[in-house]
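J.: Just passing along the structure, written as C-alpha coordinates.
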2 protein chains.
Amino acid sequence: MVALRRAAGEVGRSVAVHTRARPAQPQLHPNPWDTYHHTVIEPRRRLGLDAVRRGMERGEIRDDLDVELVGDLFTGPLLIRTVIRPGATLEPGLAERIVDTVLEGLRPRT
Amino acid sequence: MVALRRAAGEVGRSVAVHTRARPAQPQLHPNPWDTYHHTVIEPRRRLGLDAVRRGMERGEIRDDLDVELVGDLFTGPLLIRTVIRPGATLEPGLAERIVDTVLEGLRPRT
(Lines give C-alpha, C1' and ligand atoms only; values in the text may rest on other atoms or scores of the structure.)
Protein backbone atom coordinates (compact mmCIF):
# COMPACT_ATOMS: atom_id res chain seq x y z
CA MET A 1 0.00 0.00 0.00
CA VAL A 2 2.90 2.31 0.73
CA ALA A 3 4.27 1.48 -2.72
CA LEU A 4 0.91 2.22 -4.29
CA ARG A 5 0.64 5.58 -2.56
CA ARG A 6 4.17 6.46 -3.60
CA ALA A 7 3.59 5.39 -7.21
CA ALA A 8 0.26 7.19 -7.49
CA GLY A 9 1.68 10.28 -5.85
CA GLU A 10 4.73 10.40 -8.07
CA VAL A 11 2.79 9.85 -11.27
CA GLY A 12 0.17 12.41 -10.33
CA ARG A 13 2.74 14.99 -9.32
CA SER A 14 4.80 14.33 -12.43
CA VAL A 15 1.83 14.79 -14.76
CA ALA A 16 0.73 17.87 -12.84
CA VAL A 17 4.13 19.55 -12.99
CA HIS A 18 4.64 18.72 -16.65
CA THR A 19 1.13 19.90 -17.47
CA ARG A 20 1.81 23.24 -15.84
CA ALA A 21 4.89 23.49 -18.08
CA ARG A 22 3.08 22.44 -21.25
CA PRO A 23 3.31 24.54 -24.44
CA ALA A 24 1.19 27.69 -24.05
CA GLN A 25 -0.87 27.31 -27.23
CA PRO A 26 -1.51 23.60 -27.81
CA GLN A 27 -4.64 24.27 -29.89
CA LEU A 28 -2.69 26.41 -32.35
CA HIS A 29 -0.04 23.72 -32.87
CA PRO A 30 -1.81 20.39 -32.95
CA ASN A 31 1.36 18.45 -33.79
CA PRO A 32 3.50 19.64 -30.86
CA TRP A 33 0.51 19.00 -28.57
CA ASP A 34 0.11 15.50 -30.00
CA THR A 35 3.83 14.91 -29.60
CA TYR A 36 3.74 16.19 -26.03
CA HIS A 37 0.73 14.02 -25.28
CA HIS A 38 2.38 10.88 -26.62
CA THR A 39 5.82 11.48 -25.10
CA VAL A 40 4.95 13.05 -21.74
CA ILE A 41 1.35 12.42 -20.72
CA GLU A 42 0.63 8.93 -22.04
CA PRO A 43 3.73 7.15 -20.63
CA ARG A 44 3.00 8.58 -17.15
CA ARG A 45 -0.66 7.73 -17.49
CA ARG A 46 0.26 4.13 -18.33
CA LEU A 47 2.49 3.96 -15.22
CA GLY A 48 -0.45 5.13 -13.14
CA LEU A 49 -2.86 2.62 -14.68
CA ASP A 50 -0.31 -0.18 -14.14
CA ALA A 51 -0.12 0.81 -10.45
CA VAL A 52 -3.92 0.66 -10.25
CA ARG A 53 -3.97 -2.81 -11.84
CA ARG A 54 -1.32 -4.06 -9.41
CA GLY A 55 -3.33 -2.63 -6.52
CA MET A 56 -6.40 -4.53 -7.75
CA GLU A 57 -4.42 -7.77 -8.14
CA ARG A 58 -3.04 -7.42 -4.62
CA GLY A 59 -6.49 -6.76 -3.18
CA GLU A 60 -5.60 -3.21 -2.15
CA ILE A 61 -8.14 -1.63 -4.53
CA ARG A 62 -11.67 -2.79 -5.35
CA ASP A 63 -11.55 -4.81 -8.57
CA ASP A 64 -15.17 -4.09 -9.54
CA LEU A 65 -14.25 -0.67 -10.93
CA ASP A 66 -13.05 0.56 -14.30
CA VAL A 67 -9.24 0.92 -14.22
CA GLU A 68 -9.28 4.21 -16.14
CA LEU A 69 -11.91 5.71 -13.83
CA VAL A 70 -9.82 4.75 -10.80
CA GLY A 71 -6.76 6.34 -12.41
CA ASP A 72 -8.70 9.55 -12.99
CA LEU A 73 -9.84 9.61 -9.36
CA PHE A 74 -6.18 9.69 -8.27
CA THR A 75 -4.75 12.13 -10.82
CA GLY A 76 -7.76 14.39 -11.57
CA PRO A 77 -7.74 16.23 -8.23
CA LEU A 78 -4.05 17.12 -8.69
CA LEU A 79 -4.43 18.19 -12.30
CA ILE A 80 -7.42 20.42 -11.59
CA ARG A 81 -5.12 22.59 -9.50
CA THR A 82 -2.56 23.06 -12.27
CA VAL A 83 -4.81 23.47 -15.28
CA ILE A 84 -7.94 25.18 -13.99
CA ARG A 85 -6.57 27.04 -10.97
CA PRO A 86 -2.97 27.92 -11.87
CA GLY A 87 -2.54 29.83 -8.59
CA ALA A 88 -3.46 26.81 -6.46
CA THR A 89 -0.85 25.17 -4.26
CA LEU A 90 0.75 21.77 -4.86
CA GLU A 91 2.02 21.43 -1.32
CA PRO A 92 4.16 18.48 -0.22
CA GLY A 93 1.99 15.56 0.84
CA LEU A 94 -0.98 16.64 -1.28
CA ALA A 95 -0.75 13.63 -3.63
CA GLU A 96 -0.54 11.23 -0.67
CA ARG A 97 -3.53 12.95 0.99
CA ILE A 98 -5.58 12.56 -2.20
CA VAL A 99 -4.68 8.87 -2.51
CA ASP A 100 -5.52 8.19 1.14
CA THR A 101 -8.84 10.04 0.96
CA VAL A 102 -9.94 8.36 -2.28
CA LEU A 103 -9.02 4.93 -0.87
CA GLU A 104 -10.91 5.59 2.35
CA GLY A 105 -13.95 7.28 0.80
CA LEU A 106 -15.93 10.29 1.93
CA ARG A 107 -18.71 8.61 3.88
CA PRO A 108 -18.61 9.32 7.61
CA ARG A 109 -17.25 6.42 9.66
CA THR A 110 -19.92 5.23 12.03
CA MET B 1 -27.75 12.12 -0.82
CA VAL B 2 -29.68 12.10 -4.09
CA ALA B 3 -29.65 15.91 -4.02
CA LEU B 4 -25.91 15.91 -3.34
CA ARG B 5 -25.21 13.53 -6.22
CA ARG B 6 -27.34 15.63 -8.54
CA ALA B 7 -25.71 18.89 -7.43
CA ALA B 8 -22.18 17.53 -7.68
CA GLY B 9 -22.92 15.93 -11.02
CA GLU B 10 -24.44 19.07 -12.50
CA VAL B 11 -21.69 21.34 -11.27
CA GLY B 12 -18.96 18.99 -12.44
CA ARG B 13 -20.53 18.49 -15.83
CA SER B 14 -21.16 22.20 -16.22
CA VAL B 15 -17.55 23.10 -15.43
CA ALA B 16 -16.32 20.32 -17.71
CA VAL B 17 -18.44 21.39 -20.68
CA HIS B 18 -17.59 25.06 -20.24
CA THR B 19 -13.92 24.25 -19.85
CA ARG B 20 -13.94 22.37 -23.13
CA ALA B 21 -15.45 25.51 -24.72
CA ARG B 22 -12.97 27.89 -23.11
CA PRO B 23 -11.04 30.40 -25.22
CA ALA B 24 -8.31 28.64 -27.16
CA GLN B 25 -5.40 30.85 -26.04
CA PRO B 26 -6.03 31.88 -22.43
CA GLN B 27 -2.33 32.43 -21.74
CA LEU B 28 -2.04 34.96 -24.56
CA HIS B 29 -5.01 36.97 -23.28
CA PRO B 30 -4.79 37.06 -19.51
CA ASN B 31 -7.75 39.40 -19.17
CA PRO B 32 -10.32 37.31 -21.06
CA TRP B 33 -9.06 34.26 -19.17
CA ASP B 34 -9.45 36.11 -15.86
CA THR B 35 -12.91 37.23 -16.91
CA TYR B 36 -13.85 33.70 -17.91
CA HIS B 37 -12.51 32.35 -14.64
CA HIS B 38 -14.49 34.82 -12.56
CA THR B 39 -17.73 34.59 -14.51
CA VAL B 40 -17.84 30.90 -15.46
CA ILE B 41 -15.54 28.79 -13.31
CA GLU B 42 -15.67 30.46 -9.88
CA PRO B 43 -19.48 30.67 -9.52
CA ARG B 44 -19.81 26.96 -10.40
CA ARG B 45 -16.97 26.09 -8.09
CA ARG B 46 -18.70 27.94 -5.25
CA LEU B 47 -21.92 25.99 -5.94
CA GLY B 48 -19.96 22.76 -5.69
CA LEU B 49 -18.24 23.78 -2.45
CA ASP B 50 -21.61 24.82 -0.98
CA ALA B 51 -22.97 21.37 -1.83
CA VAL B 52 -19.97 19.78 -0.09
CA ARG B 53 -20.53 21.92 3.04
CA ARG B 54 -24.23 20.99 3.13
CA GLY B 55 -23.27 17.32 2.79
CA MET B 56 -20.90 17.68 5.75
CA GLU B 57 -23.57 19.44 7.84
CA ARG B 58 -26.07 16.68 7.06
CA GLY B 59 -23.60 13.98 7.98
CA GLU B 60 -23.44 12.63 4.42
CA ILE B 61 -19.75 13.52 3.98
CA ARG B 62 -16.91 13.21 6.51
CA ASP B 63 -16.41 16.60 8.15
CA ASP B 64 -12.74 15.99 9.03
CA LEU B 65 -11.64 16.85 5.48
CA ASP B 66 -10.73 20.09 3.73
CA VAL B 67 -13.79 21.35 1.79
CA GLU B 68 -11.71 22.37 -1.24
CA LEU B 69 -9.97 19.01 -1.41
CA VAL B 70 -13.35 17.24 -1.33
CA GLY B 71 -14.60 19.52 -4.09
CA ASP B 72 -11.55 18.65 -6.21
CA LEU B 73 -12.13 14.92 -5.67
CA PHE B 74 -15.59 15.26 -7.25
CA THR B 75 -14.77 17.60 -10.15
CA GLY B 76 -11.14 16.69 -10.95
CA PRO B 77 -11.88 13.29 -12.49
CA LEU B 78 -14.40 14.90 -14.88
CA LEU B 79 -12.18 17.81 -15.82
CA ILE B 80 -9.18 15.59 -16.54
CA ARG B 81 -11.17 14.09 -19.41
CA THR B 82 -11.92 17.44 -21.02
CA VAL B 83 -8.63 19.27 -20.52
CA ILE B 84 -5.95 16.57 -20.72
CA ARG B 85 -7.70 13.97 -22.86
CA PRO B 86 -9.95 15.93 -25.21
CA GLY B 87 -11.01 12.76 -27.00
CA ALA B 88 -12.27 11.11 -23.81
CA THR B 89 -15.96 10.42 -23.34
CA LEU B 90 -18.27 12.26 -20.96
CA GLU B 91 -20.97 9.61 -21.09
CA PRO B 92 -24.32 10.03 -19.28
CA GLY B 93 -24.05 8.84 -15.69
CA LEU B 94 -20.28 9.44 -15.47
CA ALA B 95 -20.59 12.26 -12.93
CA GLU B 96 -22.91 10.17 -10.74
CA ARG B 97 -20.51 7.21 -10.99
CA ILE B 98 -17.60 9.39 -9.86
CA VAL B 99 -19.58 10.78 -6.91
CA ASP B 100 -20.70 7.31 -5.81
CA THR B 101 -17.18 5.86 -6.11
CA VAL B 102 -15.51 8.73 -4.24
CA LEU B 103 -18.13 8.51 -1.46
CA GLU B 104 -17.69 4.75 -1.16
CA GLY B 105 -13.90 4.69 -1.46
CA LEU B 106 -11.63 2.28 -3.30
CA ARG B 107 -10.77 -0.14 -0.53
CA PRO B 108 -12.17 -3.63 -1.07
CA ARG B 109 -15.22 -4.36 1.06
CA THR B 110 -14.49 -7.24 3.36
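By order of appearance in the C-alpha coordinates: chains A, B, ..., then residues from 1 within every chain, and ligands from 1 in the order shown.
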Starting from chain A, keep only residues with some atom at most 7 Å from an atom of chain B, counting only C-alpha atoms, and report them as a PyMOL selection string.
T.: chain A and resi 24-25+27+59-62+72-73+76-77+79-80+102-108
J.: Write a file of the just-selected residues containing N, CA and C atoms, as a JSON list (two decimals), in the first residue's frame.
T.:
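Generated file (result00.json):
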[["chain", "number", "residue", "atom", "x", "y", "z"],
["A", 24, "ALA", "N", 2.25, 26.75, -24.40],
["A", 24, "ALA", "CA", 1.19, 27.69, -24.05],
["A", 24, "ALA", "C", 0.00, 27.64, -25.01],
["A", 25, "GLN", "N", 0.22, 27.23, -26.25],
["A", 25, "GLN", "CA", -0.87, 27.31, -27.23],
["A", 25, "GLN", "C", -1.10, 25.97, -27.93],
["A", 27, "GLN", "N", -3.62, 24.36, -28.84],
["A", 27, "GLN", "CA", -4.64, 24.27, -29.89],
["A", 27, "GLN", "C", -4.17, 24.88, -31.20],
["A", 59, "GLY", "N", -5.36, -6.91, -4.09],
["A", 59, "GLY", "CA", -6.49, -6.76, -3.18],
["A", 59, "GLY", "C", -6.45, -5.47, -2.38],
["A", 60, "GLU", "N", -5.66, -4.49, -2.86],
["A", 60, "GLU", "CA", -5.60, -3.21, -2.15],
["A", 60, "GLU", "C", -6.64, -2.23, -2.68],
["A", 61, "ILE", "N", -7.12, -2.49, -3.90],
["A", 61, "ILE", "CA", -8.14, -1.63, -4.53],
["A", 61, "ILE", "C", -9.27, -2.52, -5.02],
["A", 62, "ARG", "N", -10.51, -2.05, -4.84],
["A", 62, "ARG", "CA", -11.67, -2.79, -5.35],
["A", 62, "ARG", "C", -11.46, -3.15, -6.81],
["A", 72, "ASP", "N", -8.26, 8.15, -12.97],
["A", 72, "ASP", "CA", -8.70, 9.55, -12.99],
["A", 72, "ASP", "C", -9.02, 10.06, -11.59],
["A", 73, "LEU", "N", -9.53, 9.19, -10.73],
["A", 73, "LEU", "CA", -9.84, 9.61, -9.36],
["A", 73, "LEU", "C", -8.57, 10.02, -8.62],
["A", 76, "GLY", "N", -6.91, 13.24, -11.27],
["A", 76, "GLY", "CA", -7.76, 14.39, -11.57],
["A", 76, "GLY", "C", -7.67, 15.52, -10.54],
["A", 77, "PRO", "N", -7.78, 15.17, -9.23],
["A", 77, "PRO", "CA", -7.74, 16.23, -8.23],
["A", 77, "PRO", "C", -6.43, 17.02, -8.21],
["A", 79, "LEU", "N", -4.50, 17.45, -11.04],
["A", 79, "LEU", "CA", -4.43, 18.19, -12.30],
["A", 79, "LEU", "C", -5.34, 19.40, -12.31],
["A", 80, "ILE", "N", -6.48, 19.30, -11.62],
["A", 80, "ILE", "CA", -7.42, 20.42, -11.59],
["A", 80, "ILE", "C", -6.73, 21.66, -11.03],
["A", 102, "VAL", "N", -9.18, 9.10, -1.28],
["A", 102, "VAL", "CA", -9.94, 8.36, -2.28],
["A", 102, "VAL", "C", -10.04, 6.89, -1.89],
["A", 103, "LEU", "N", -8.95, 6.33, -1.33],
["A", 103, "LEU", "CA", -9.02, 4.93, -0.87],
["A", 103, "LEU", "C", -10.06, 4.77, 0.23],
["A", 104, "GLU", "N", -10.05, 5.70, 1.17],
["A", 104, "GLU", "CA", -10.91, 5.59, 2.35],
["A", 104, "GLU", "C", -12.36, 5.92, 2.05],
["A", 105, "GLY", "N", -12.59, 6.85, 1.11],
["A", 105, "GLY", "CA", -13.95, 7.28, 0.80],
["A", 105, "GLY", "C", -14.40, 8.42, 1.68],
["A", 106, "LEU", "N", -15.48, 9.07, 1.26],
["A", 106, "LEU", "CA", -15.93, 10.29, 1.93],
["A", 106, "LEU", "C", -17.08, 10.06, 2.90],
["A", 107, "ARG", "N", -17.60, 8.85, 2.95],
["A", 107, "ARG", "CA", -18.71, 8.61, 3.88],
["A", 107, "ARG", "C", -18.20, 8.68, 5.31],
["A", 108, "PRO", "N", -19.01, 9.27, 6.20],
["A", 108, "PRO", "CA", -18.61, 9.32, 7.61],
["A", 108, "PRO", "C", -18.43, 7.91, 8.15]]
